[in-house]
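Visitor: Have a peek at entry34.txt (compact mmCIF, C-alpha atoms).
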```txt
# COMPACT_ATOMS: atom_id res chain seq x y z
CA MET A 1 57.70 213.23 -1.54
CA TYR A 2 54.86 210.89 -2.51
CA GLU A 3 55.94 207.95 -4.67
CA VAL A 4 53.59 205.90 -6.80
CA VAL A 5 53.96 202.24 -5.84
CA VAL A 6 52.39 199.49 -7.92
CA ASP A 7 50.47 197.13 -5.64
CA ARG A 8 50.52 193.74 -7.33
CA ASN A 9 48.29 192.31 -4.63
CA LEU A 10 45.46 194.62 -5.69
CA LYS A 11 44.51 192.30 -8.58
CA PHE A 12 43.80 189.52 -6.05
CA VAL A 13 41.64 191.94 -4.04
CA PHE A 14 39.75 192.74 -7.25
CA LEU A 15 39.25 189.03 -7.92
CA PHE A 16 38.04 188.39 -4.37
CA SER A 17 35.65 191.35 -4.57
CA PHE A 18 34.25 190.05 -7.85
CA VAL A 19 33.60 186.60 -6.36
CA TYR A 20 32.10 188.25 -3.24
CA CYS A 21 29.78 190.26 -5.49
CA LEU A 22 28.63 187.14 -7.37
CA LEU A 23 27.96 185.18 -4.16
CA CYS A 24 25.94 188.01 -2.61
CA TYR A 25 24.03 188.52 -5.86
CA PHE A 26 23.23 184.79 -5.96
CA LEU A 27 21.88 184.96 -2.38
CA ALA A 28 19.93 188.13 -3.20
CA ILE A 29 18.18 186.34 -6.08
CA GLN A 30 17.44 183.35 -3.84
CA TRP A 31 15.92 185.57 -1.13
CA TYR A 32 13.95 187.48 -3.77
CA GLU A 33 12.47 184.24 -5.14
CA LYS A 34 11.49 183.19 -1.61
CA GLY A 35 9.58 186.46 -1.19
CA TYR A 36 11.77 188.08 1.48
CA PHE A 37 11.86 191.39 -0.41
CA SER A 38 8.12 191.62 -1.01
CA VAL A 39 7.13 192.69 2.53
CA TYR A 40 8.19 195.29 5.07
CA ASN A 41 10.68 194.90 7.88
CA ILE A 42 11.76 191.27 7.70
CA PHE A 43 15.40 192.27 8.08
CA PHE A 44 16.17 194.82 10.82
CA ASP A 45 13.37 197.28 10.00
CA THR A 46 14.58 197.77 6.42
CA ASP A 47 12.08 198.54 3.65
CA ALA A 48 13.43 196.17 1.02
CA ASN A 49 10.18 196.17 -0.97
CA THR A 50 9.94 199.95 -1.52
CA ASN A 51 13.69 200.26 -2.07
CA LEU A 52 13.59 197.54 -4.71
CA SER A 53 10.71 199.31 -6.46
CA SER A 54 12.64 202.59 -6.42
CA ILE A 55 15.87 201.23 -7.90
CA SER A 56 14.08 198.89 -10.34
CA HIS A 57 11.21 200.95 -11.70
CA GLY A 58 11.66 204.50 -10.43
CA TRP A 59 8.69 204.35 -8.08
CA GLY A 60 8.72 203.43 -4.42
CA ARG A 61 10.03 205.77 -1.71
CA HIS A 62 10.54 209.12 -3.50
CA SER A 63 11.81 210.62 -0.27
CA ILE A 64 14.06 213.59 0.30
CA THR A 65 16.09 211.52 2.76
CA HIS A 66 17.28 209.38 -0.17
CA ALA A 67 16.84 211.80 -3.05
CA PHE A 68 18.97 209.90 -5.61
CA LEU A 69 17.56 206.43 -5.02
CA GLU A 70 15.26 206.40 -8.08
CA ILE A 71 18.16 207.42 -10.35
CA PHE A 72 19.42 203.82 -10.18
CA SER A 73 16.37 202.73 -12.15
CA ILE A 74 17.84 204.47 -15.22
CA PRO A 75 20.79 202.05 -15.75
CA VAL A 76 18.46 199.18 -14.82
CA ARG A 77 16.03 200.19 -17.57
CA ILE A 78 18.93 200.60 -20.02
CA VAL A 79 20.04 197.02 -19.29
CA GLU A 80 16.44 195.89 -19.76
CA PHE A 81 16.18 197.73 -23.09
CA ILE A 82 19.44 196.26 -24.46
CA TYR A 83 18.58 192.75 -23.26
CA SER A 84 15.05 192.93 -24.71
CA ILE A 85 16.47 193.72 -28.15
CA MET A 86 18.43 190.45 -28.17
CA PHE A 87 16.15 188.20 -26.12
CA LEU A 88 12.50 187.83 -25.22
CA VAL A 89 11.59 189.28 -21.81
CA THR A 90 8.32 187.78 -20.59
CA ASP A 91 8.04 189.76 -17.35
CA ARG A 92 9.69 193.18 -17.55
CA LEU A 93 8.94 194.12 -13.94
CA GLU A 94 10.54 190.97 -12.57
CA PHE A 95 13.48 191.30 -14.96
CA ARG A 96 14.18 194.85 -13.79
CA GLU A 97 14.02 193.77 -10.15
CA LEU A 98 16.45 190.91 -10.76
CA VAL A 99 18.87 193.34 -12.42
CA ALA A 100 18.43 195.87 -9.58
CA LEU A 101 19.38 193.22 -7.01
CA SER A 102 22.95 193.50 -8.33
CA ILE A 103 23.33 197.10 -7.11
CA SER A 104 24.00 196.34 -3.43
CA PRO A 105 26.52 193.54 -4.19
CA ILE A 106 28.37 195.79 -6.66
CA PHE A 107 28.74 198.66 -4.20
CA SER A 108 29.69 196.28 -1.38
CA SER A 109 32.44 194.75 -3.51
CA LEU A 110 33.72 198.23 -4.42
CA THR A 111 33.78 199.11 -0.72
CA ILE A 112 36.03 196.11 -0.05
CA ILE A 113 38.51 197.40 -2.64
CA TYR A 114 38.66 200.89 -1.14
CA PHE A 115 38.88 199.54 2.39
CA TYR A 116 41.97 197.62 1.28
CA ARG A 117 43.36 200.74 -0.39
CA CYS A 118 42.88 202.69 2.84
CA LEU A 119 45.01 200.07 4.59
CA THR A 120 47.79 200.37 2.00
CA LEU A 121 47.82 204.16 2.47
CA LEU A 122 48.33 203.50 6.18
CA ASP A 123 51.39 201.38 5.29
CA ILE A 124 49.87 198.15 6.55
CA LYS A 125 51.84 195.11 5.34
CA THR A 126 50.22 193.13 2.54
CA HIS A 127 49.49 189.99 4.59
CA ASP A 128 47.92 191.99 7.41
CA ALA A 129 45.98 194.15 4.93
CA ASN A 130 44.59 190.97 3.33
CA ILE A 131 43.46 189.60 6.70
CA PHE A 132 41.82 192.89 7.71
CA THR A 133 40.09 193.10 4.33
CA LEU A 134 38.74 189.57 4.77
CA ILE A 135 37.49 190.52 8.26
CA PHE A 136 35.77 193.54 6.73
CA ALA A 137 34.15 191.41 4.02
CA ALA A 138 33.05 188.78 6.57
CA SER A 139 31.47 191.39 8.88
CA PHE A 140 27.74 190.82 9.21
CA SER A 141 26.70 194.36 8.31
CA ASN A 142 28.56 194.14 5.00
CA ILE A 143 27.16 190.69 4.20
CA ILE A 144 23.51 191.45 4.98
CA PHE A 145 23.46 194.82 3.19
CA ALA A 146 25.24 193.34 0.18
CA ILE A 147 22.17 191.12 -0.18
CA VAL A 148 19.22 193.27 0.93
CA PRO A 149 18.25 196.02 -1.57
CA GLU A 150 18.78 199.19 0.45
CA THR A 151 20.69 202.49 0.37
CA TYR A 152 23.19 201.36 2.99
CA ALA A 153 25.68 199.53 0.76
CA ILE A 154 25.90 202.60 -1.48
CA SER A 155 26.30 204.88 1.53
CA CYS A 156 29.03 202.64 2.99
CA PHE A 157 30.94 202.78 -0.29
CA LEU A 158 30.78 206.58 -0.45
CA ILE A 159 31.89 206.95 3.19
CA SER A 160 34.76 204.51 2.57
CA TYR A 161 35.80 206.43 -0.53
CA LEU A 162 35.62 209.70 1.43
CA ILE A 163 38.05 208.26 4.01
CA PHE A 164 40.27 206.87 1.26
CA TYR A 165 40.38 210.21 -0.55
CA PHE A 166 41.35 211.99 2.66
CA PHE A 167 44.24 209.57 3.30
CA LYS A 168 45.31 209.75 -0.33
CA ASN A 169 45.60 213.54 -0.23
CA GLU A 170 47.32 213.42 3.14
CA ARG A 171 49.85 210.95 1.75
CA LYS A 172 50.47 213.07 -1.35
CA GLU A 173 50.39 216.31 0.69
CA SER A 174 47.79 217.49 -1.79
CA SER A 175 44.61 219.55 -1.65
CA GLY A 176 42.81 217.09 -3.87
CA HIS A 177 40.55 218.03 -6.74
CA ILE A 178 37.70 220.46 -6.10
CA ALA A 179 35.38 218.50 -8.40
CA VAL A 180 35.99 215.23 -6.53
CA TRP A 181 35.25 216.79 -3.13
CA PHE A 182 32.12 218.45 -4.47
CA ILE A 183 30.84 215.29 -6.21
CA LEU A 184 31.43 213.39 -2.97
CA ALA A 185 29.40 215.97 -1.04
CA ILE A 186 26.49 215.77 -3.50
CA SER A 187 26.58 211.96 -3.76
CA LEU A 188 26.75 211.40 -0.01
CA SER A 189 23.81 213.67 0.76
CA GLY A 190 21.85 212.41 -2.26
CA ILE A 191 22.01 208.84 -0.99
CA THR A 192 21.38 209.65 2.68
CA ILE A 193 20.82 213.31 3.45
CA THR A 194 22.47 213.27 6.92
CA ASN A 195 25.72 212.10 5.29
CA ILE A 196 26.42 215.72 4.41
CA CYS A 197 27.49 216.13 8.05
CA LEU A 198 30.09 213.38 7.58
CA PHE A 199 31.41 215.16 4.51
CA PHE A 200 31.60 218.43 6.44
CA LEU A 201 33.62 216.84 9.26
CA VAL A 202 36.09 214.98 7.03
CA PHE A 203 36.52 217.89 4.60
CA MET A 204 37.07 220.32 7.48
CA VAL A 205 39.83 218.09 8.91
CA HIS A 206 41.33 217.86 5.42
CA LEU A 207 41.37 221.66 5.16
CA LEU A 208 42.98 221.96 8.60
CA LYS A 209 45.61 219.23 8.22
CA ASN A 210 46.31 218.99 4.49
CA GLU A 211 45.65 222.52 3.29
CA ARG A 212 46.69 224.04 6.64
CA LEU A 213 43.87 226.58 6.73
CA SER A 214 42.89 228.36 9.92
CA TRP A 215 39.89 227.08 11.88
CA PHE A 216 37.75 229.98 10.68
CA ASP A 217 38.65 229.48 7.00
CA ALA A 218 38.30 225.69 7.21
CA ILE A 219 34.83 225.89 8.76
CA LYS A 220 33.77 228.57 6.26
CA LYS A 221 34.95 226.58 3.22
CA ALA A 222 33.58 223.25 4.48
CA SER A 223 30.24 224.92 5.27
CA LEU A 224 30.09 226.48 1.79
CA TYR A 225 30.67 223.14 0.03
CA SER A 226 28.20 221.34 2.28
CA ILE A 227 25.41 223.93 2.00
CA VAL A 228 25.71 224.23 -1.80
CA ALA A 229 25.72 220.42 -2.18
CA LEU A 230 22.69 220.10 0.09
CA LEU A 231 20.79 222.81 -1.79
CA LEU A 232 21.53 221.08 -5.11
CA VAL A 233 20.23 217.76 -3.77
CA ILE A 234 17.05 219.37 -2.43
CA SER A 235 16.57 221.31 -5.70
CA PHE A 236 16.99 218.11 -7.72
CA TYR A 237 14.44 216.36 -5.51
CA LYS A 238 11.87 219.16 -5.83
CA LEU A 239 12.44 219.73 -9.56
CA SER A 240 12.31 216.03 -10.52
CA HIS A 241 9.00 215.60 -8.71
CA LEU A 242 7.59 218.73 -10.28
CA VAL A 243 8.64 217.80 -13.84
CA LEU A 244 7.64 214.14 -13.59
CA ASP A 245 4.49 214.91 -11.57
CA ILE A 246 5.40 212.33 -8.92
CA LYS A 247 3.87 212.32 -5.47
CA THR A 248 6.57 213.05 -2.92
CA GLY A 249 7.16 210.49 -0.19
CA GLY A 250 6.33 211.24 3.43
CA GLU A 251 9.76 210.20 4.64
CA GLY A 252 11.71 213.26 5.70
CA SER A 253 8.65 215.34 6.57
CA VAL A 254 8.33 217.02 9.96
CA LYS A 255 5.69 214.51 11.05
CA TRP A 256 7.88 211.58 9.97
CA VAL A 257 10.91 212.96 11.83
CA GLU A 258 8.81 213.46 14.97
CA THR A 259 7.73 209.81 14.82
CA TYR A 260 11.31 208.53 15.07
CA LEU A 261 12.71 211.30 17.26
CA THR A 262 13.79 210.37 20.78
CA SER A 263 11.18 211.96 23.03
CA SER A 264 11.81 210.47 26.47
CA PHE A 265 14.62 209.33 28.73
CA TRP A 266 13.48 205.73 28.24
CA GLU A 267 13.88 206.03 24.44
CA PHE A 268 17.25 207.74 24.90
CA GLN A 269 18.36 204.87 27.16
CA ARG A 270 17.02 202.26 24.73
CA ASN A 271 18.79 203.78 21.72
CA THR A 272 22.06 204.05 23.66
CA ILE A 273 21.90 200.38 24.65
CA ASN A 274 21.01 199.26 21.13
CA LEU A 275 23.75 201.37 19.53
CA PHE A 276 26.13 199.74 21.96
CA SER A 277 24.89 196.31 20.91
CA ALA A 278 24.83 197.18 17.19
CA SER A 279 28.54 198.03 17.33
CA ILE A 280 29.18 194.32 17.94
CA ASN A 281 26.38 193.05 15.71
CA SER A 282 27.88 195.01 12.83
CA PHE A 283 30.57 192.30 12.93
CA SER A 284 28.61 189.21 13.97
CA ALA A 285 25.02 187.98 13.87
CA THR A 286 24.91 187.38 17.62
CA TYR A 287 21.56 186.27 19.09
CA PRO A 288 19.04 188.01 16.83
CA THR A 289 15.60 188.72 18.27
CA ILE A 290 12.66 187.13 16.44
CA THR A 291 9.21 188.73 16.59
CA VAL A 292 5.98 188.31 14.61
CA ASN A 293 5.92 190.74 11.68
CA ASP A 294 2.53 192.47 11.46
CA LYS A 295 3.26 193.96 8.01
CA CYS A 296 3.32 190.78 5.93
CA GLY A 297 -0.17 191.17 4.45
CA ASP A 298 -1.46 187.73 3.42
CA PHE A 299 1.82 186.12 4.49
CA THR A 300 2.91 184.78 7.85
CA CYS A 301 6.45 185.83 8.69
CA ASN A 302 8.86 186.91 11.38
CA ALA A 303 10.91 190.07 11.77
CA ILE A 304 14.60 189.71 12.63
CA SER A 305 16.02 192.38 14.92
CA PHE A 306 18.93 193.16 17.21
CA THR A 307 16.86 195.31 19.57
CA ARG A 308 17.96 194.58 23.15
CA GLY A 309 16.25 194.88 26.51
CA LYS A 310 16.76 194.17 30.21
CA SER A 311 16.83 190.42 29.58
CA ASP A 312 20.03 190.86 27.54
CA PHE A 313 22.04 192.16 30.51
CA LEU A 314 24.62 189.35 30.29
CA LEU A 315 25.18 189.88 26.56
CA LEU A 316 25.48 193.66 26.99
CA SER A 317 27.94 193.12 29.86
CA CYS A 318 30.12 191.03 27.53
CA VAL A 319 29.93 193.80 24.91
CA ALA A 320 30.99 196.34 27.57
CA ILE A 321 33.98 194.18 28.52
CA ILE A 322 35.03 193.81 24.87
CA TRP A 323 34.89 197.54 24.14
CA GLY A 324 36.45 198.41 27.48
CA THR A 325 39.41 196.16 26.64
CA ILE A 326 39.70 197.68 23.16
CA LEU A 327 39.61 201.24 24.52
CA PHE A 328 42.23 200.37 27.13
CA HIS A 329 44.62 199.02 24.48
CA SER A 330 43.93 201.87 22.04
CA ARG A 331 45.10 204.60 24.45
CA LYS A 332 48.75 204.20 23.44
CA PHE A 333 48.00 204.67 19.73
CA VAL A 334 45.72 207.73 19.89
CA PHE A 335 48.55 210.26 20.16
CA GLU A 336 51.00 208.53 17.79
CA LYS A 337 51.59 210.65 14.72
CA LYS A 338 51.14 207.66 12.39
CA TRP A 339 47.60 207.01 13.64
CA GLN A 340 46.52 210.55 14.52
CA SER A 341 44.53 211.28 11.36
CA LEU A 342 42.96 207.82 11.46
CA TYR A 343 41.63 208.36 14.97
CA ILE A 344 40.44 211.89 14.23
CA ILE A 345 38.58 211.06 11.00
CA CYS A 346 37.10 207.74 12.08
CA GLY A 347 36.36 209.02 15.59
CA LEU A 348 34.39 211.98 14.22
CA ILE A 349 32.34 209.79 11.87
CA ILE A 350 31.45 207.33 14.63
CA THR A 351 30.74 210.08 17.17
CA PHE A 352 28.38 211.89 14.78
CA ASN A 353 26.50 208.70 13.87
CA PHE A 354 26.13 207.64 17.49
CA ALA A 355 24.97 211.13 18.56
CA LEU A 356 22.49 211.26 15.66
CA HIS A 357 20.93 207.88 16.29
CA ILE A 358 20.71 208.21 20.05
CA LEU A 359 18.34 211.07 19.18
CA PHE A 360 16.75 209.52 16.08
CA GLY A 361 15.74 206.02 15.02
CA ARG A 362 14.52 202.72 16.41
CA GLU A 363 16.44 199.71 15.02
CA MET A 364 20.07 200.73 15.52
CA PHE A 365 21.61 197.88 13.50
CA MET A 366 20.04 199.40 10.39
CA TYR A 367 22.60 202.25 10.52
CA THR A 368 25.75 200.13 10.94
CA GLN A 369 26.89 200.66 7.35
CA HIS A 370 27.46 204.31 8.23
CA TRP A 371 30.17 203.38 10.74
CA ILE A 372 31.45 199.85 9.93
CA THR A 373 34.40 201.12 7.87
CA PRO A 374 35.74 203.65 10.42
CA LEU A 375 35.00 201.25 13.30
CA LEU A 376 37.12 198.48 11.81
CA LEU A 377 39.86 200.93 10.81
CA LEU A 378 40.08 202.03 14.45
CA LEU A 379 40.70 198.40 15.44
CA VAL A 380 43.60 198.05 12.98
CA PRO A 381 46.35 199.58 15.19
CA ILE A 382 45.27 197.40 18.11
CA ILE A 383 45.36 194.01 16.35
CA LEU A 384 48.13 194.88 13.90
CA ASN A 385 50.96 192.29 14.02
CA LYS A 386 48.77 190.03 16.17
CA ARG A 387 48.08 187.39 13.55
CA PHE A 388 46.66 184.86 16.01
CA ILE A 389 43.97 187.33 17.15
CA SER A 390 43.14 188.65 13.68
CA ILE A 391 42.90 185.20 12.07
CA GLY A 392 40.89 183.92 15.04
CA LEU A 393 38.49 186.86 14.68
CA LEU A 394 38.14 186.16 10.96
CA LEU A 395 37.29 182.50 11.54
CA LEU A 396 34.81 183.41 14.28
CA LEU A 397 33.00 185.89 12.00
CA VAL A 398 32.86 183.41 9.12
CA ILE A 399 31.40 180.65 11.34
CA MET A 400 28.80 182.88 13.03
CA ASN A 401 27.68 184.76 9.93
CA VAL A 402 27.55 181.73 7.64
CA ASN A 403 25.47 180.04 10.32
CA PHE A 404 23.00 182.95 10.13
CA LEU A 405 22.78 182.63 6.33
CA LEU A 406 22.17 178.88 6.59
CA ASN A 407 19.36 179.41 9.10
CA VAL A 408 17.74 182.52 7.65
CA GLU A 409 14.80 180.59 6.20
CA HIS A 410 14.03 179.15 9.63
CA LEU A 411 14.37 182.60 11.26
CA VAL A 412 12.10 184.36 8.76
CA ALA A 413 9.58 181.50 8.49
CA LEU A 414 7.82 183.15 5.53
CA LYS A 415 4.74 181.14 4.49
```
Using structure tokens, write down the structure from this file.

Guide:
Amino acid sequence: MYEVVVDRNLKFVFLFSFVYCLLCYFLAIQWYEKGYFSVYNIFFDTDANTNLSSISHGWGRHSITHAFLEIFSIPVRIVEFIYSIMFLVTDRLEFRELVALSISPIFSSLTIIYFYRCLTLLDIKTHDANIFTLIFAASFSNIIFAIVPETYAISCFLISYLIFYFFKNERKESSGHIAVWFILAISLSGITITNICLFFLVFMVHLLKNERLSWFDAIKKASLYSIVALLLVISFYKLSHLVLDIKTGGEGSVKWVETYLTSSFWEFQRNTINLFSASINSFSATYPTITVNDKCGDFTCNAISFTRGKSDFLLLSCVAIIWGTILFHSRKFVFEKKWQSLYIICGLIITFNFALHILFGREMFMYTQHWITPLLLLLVPIILNKRFISIGLLLLLVIMNVNFLLNVEHLVALK
């Protein structure tokens, strides 16, 4: 029987998340004022400039791959309207952009809360849950995408909530609420359209384990929810562009997909190596590659990347040793009943993302927010009750990632 337990520690997690949000928002404003978000591809091939336009003003990407992105401009404009009634706003465009910079920090801070709640549903002791939550917050992927205006922080939150909702229903031995599952399906695919596959996988496992449906019925029901949600997202995208007479973005078109599709064994090999590297870089800003950015217009700037090549053989060998050690130690937990659902759910999410991006994409670090939550959750059983290792890892991440933040101006060299 599921018992409701009041977690008094949760208020401290809320406080930490609030402070984390403020710090990231402060950095986002600083980077905005330095011009980092006015050009393409400074940070890991992200399009901070068009994303910021989309969530601030409602124009920018207008792509089917991120169909709901422009919706965020509505609350931003509401804040602008209310503020302008009370105070003078000299530059409305800049004001909206400054408000919109808060979106990524807000969703990143919410993700921290639900990551912690996932740990409590797994019966992790409070002290250990606090340490793991701090490791999650200090991970480089979470820090960088809490600052850069992109879809990834929102996507990470929704994936984290999806995992949390699965564990919650498993703990309560409940089917969950139909509306919640359906809203999750629509929201996930509306933010990043391929996320509908993650919903399908998690919901199917929920139907098999929690509702105890047969494989045929589980696949049929999960497919129905996913297809209907996807059709609603596509219909919203088409209808909103028709009504508002907005030119649709090229992203998501057949030609655009072909551009980023893996078309040779060399590209397949490159993506595999860089996914491998990105799995470590999602935690730490280890040896970023600096190249001249040719999309800075009148500016001179660099592009920061984690793309690896043959010259990084030593680094990639170290990564292989780390993951080999982790896999070796995880073998004894995979078949334990306590961790079974964790390994199934998180394993499926990571497997799908890795399979997708071996076949599609260029800068693999850009997709880390789609797997950082399940990846760290998979490490929990291995380092649980090993305080020396977990605290050491936390300190290492803080030192390395703070060092990146302190040197970002030198790395970007925007003039």

Visitor: Please identify all polymer residues lying at most 8 Å from the point (32.6, 194.4, 12.2) (file coordinates), using all atoms listed in the file, and present the result as a list in words.

Guide: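 Residues satisfying the cut-off, written out: Ile135, Phe136, Ala138, Ser139, Phe140, Ser141, Ser279, Ile280, Asn281, Ser282, Phe283, Ser284, Ile372, Leu375 and Leu376 of chain A.
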
Visitor: Once you count all atoms listed in the file, what closest atom pair and distance in Å to one decimal does each residue of region 95-137 of chain A within 10 Å of region 392-414 of chain A have, with rows by chain and rising residue number, as a tab-separated table?

Guide:
```
residue	atom	partner	partner_atom	distance
A:Ile131	CA	A:Leu394	CA	7.6
A:Phe132	CA	A:Leu394	CA	8.3
A:Thr133	CA	A:Leu394	CA	9.8
A:Leu134	CA	A:Leu394	CA	7.1
A:Ile135	CA	A:Leu394	CA	5.2
A:Phe136	CA	A:Leu394	CA	8.8
A:Ala137	CA	A:Leu394	CA	9.6
```

Visitor: Those selected residues, please, written with C-alpha atoms and delivered as a compact mmCIF listing (two decimals), in the coordinates of the input.

Guide:
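Output (part_31.txt):
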```txt
# COMPACT_ATOMS: atom_id res chain seq x y z
CA ILE A 131 43.46 189.60 6.70
CA PHE A 132 41.82 192.89 7.71
CA THR A 133 40.09 193.10 4.33
CA LEU A 134 38.74 189.57 4.77
CA ILE A 135 37.49 190.52 8.26
CA PHE A 136 35.77 193.54 6.73
CA ALA A 137 34.15 191.41 4.02
```

Visitor: Hey, can you check how far CA of Asp7 (chain A) sits from CA of Leu119 (chain A)?

Guide: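 Taking CA of Asp7 (chain A) as the start and CA of Leu119 (chain A) as the end point, the length is 12.0 Å.
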
Visitor: If you count all atoms listed in the file, which residues fall within 9 Å of region 338-352 of chain A, apart from same-chain ones fewer than 3 positions away, as a list in words?

Guide: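 Returned residues: Leu122, Ile163, Phe166, Phe167, Glu170, Cys197, Leu198, Leu201, Val202, Val205, Lys209, Phe333, Val334, Phe335, Ala355, Leu356, His357, His370, Trp371, Ile372, Thr373, Pro374, Leu375, Leu377, Leu378 and Pro381 of chain A.
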
Visitor: Of the candidates A:Thr194, A:Gly176, A:Asp312, A:Phe199, which one gets nearest to Asn353 (chain A) if we count only C-alpha atoms?

Guide: A:Thr194

Visitor: Go through A:Ser263, A:Ser73, A:Ser390, A:Ser174 and flag the residue nearest Gly58 (chain A), using all atoms listed in the file for the distances.

Guide: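 Closest residue, counting all atoms listed in the file: A:Ser73.
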
Visitor: If I put a ball of radius 12 Å at (36.4, 189.2, -7.2) in the file's coordinates, which residues poke into it when counting only C-alpha atoms, written as a PDB file with C-alpha atoms, in the frame of the given file?

Guide:
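Done, and the output landed in part-v7.pdb:
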```pdb
ATOM      1  CA  LEU A  10      45.460 194.620  -5.690  1.00  0.00           C
ATOM      2  CA  LYS A  11      44.510 192.300  -8.580  1.00  0.00           C
ATOM      3  CA  PHE A  12      43.800 189.520  -6.050  1.00  0.00           C
ATOM      4  CA  VAL A  13      41.640 191.940  -4.040  1.00  0.00           C
ATOM      5  CA  PHE A  14      39.750 192.740  -7.250  1.00  0.00           C
ATOM      6  CA  LEU A  15      39.250 189.030  -7.920  1.00  0.00           C
ATOM      7  CA  PHE A  16      38.040 188.390  -4.370  1.00  0.00           C
ATOM      8  CA  SER A  17      35.650 191.350  -4.570  1.00  0.00           C
ATOM      9  CA  PHE A  18      34.250 190.050  -7.850  1.00  0.00           C
ATOM     10  CA  VAL A  19      33.600 186.600  -6.360  1.00  0.00           C
ATOM     11  CA  TYR A  20      32.100 188.250  -3.240  1.00  0.00           C
ATOM     12  CA  CYS A  21      29.780 190.260  -5.490  1.00  0.00           C
ATOM     13  CA  LEU A  22      28.630 187.140  -7.370  1.00  0.00           C
ATOM     14  CA  LEU A  23      27.960 185.180  -4.160  1.00  0.00           C
ATOM     15  CA  CYS A  24      25.940 188.010  -2.610  1.00  0.00           C
ATOM     16  CA  PRO A 105      26.520 193.540  -4.190  1.00  0.00           C
ATOM     17  CA  ILE A 106      28.370 195.790  -6.660  1.00  0.00           C
ATOM     18  CA  SER A 108      29.690 196.280  -1.380  1.00  0.00           C
ATOM     19  CA  SER A 109      32.440 194.750  -3.510  1.00  0.00           C
ATOM     20  CA  LEU A 110      33.720 198.230  -4.420  1.00  0.00           C
ATOM     21  CA  ILE A 112      36.030 196.110  -0.050  1.00  0.00           C
ATOM     22  CA  ILE A 113      38.510 197.400  -2.640  1.00  0.00           C
ATOM     23  CA  ALA A 137      34.150 191.410   4.020  1.00  0.00           C
TER      24      ALA A 137
END
```
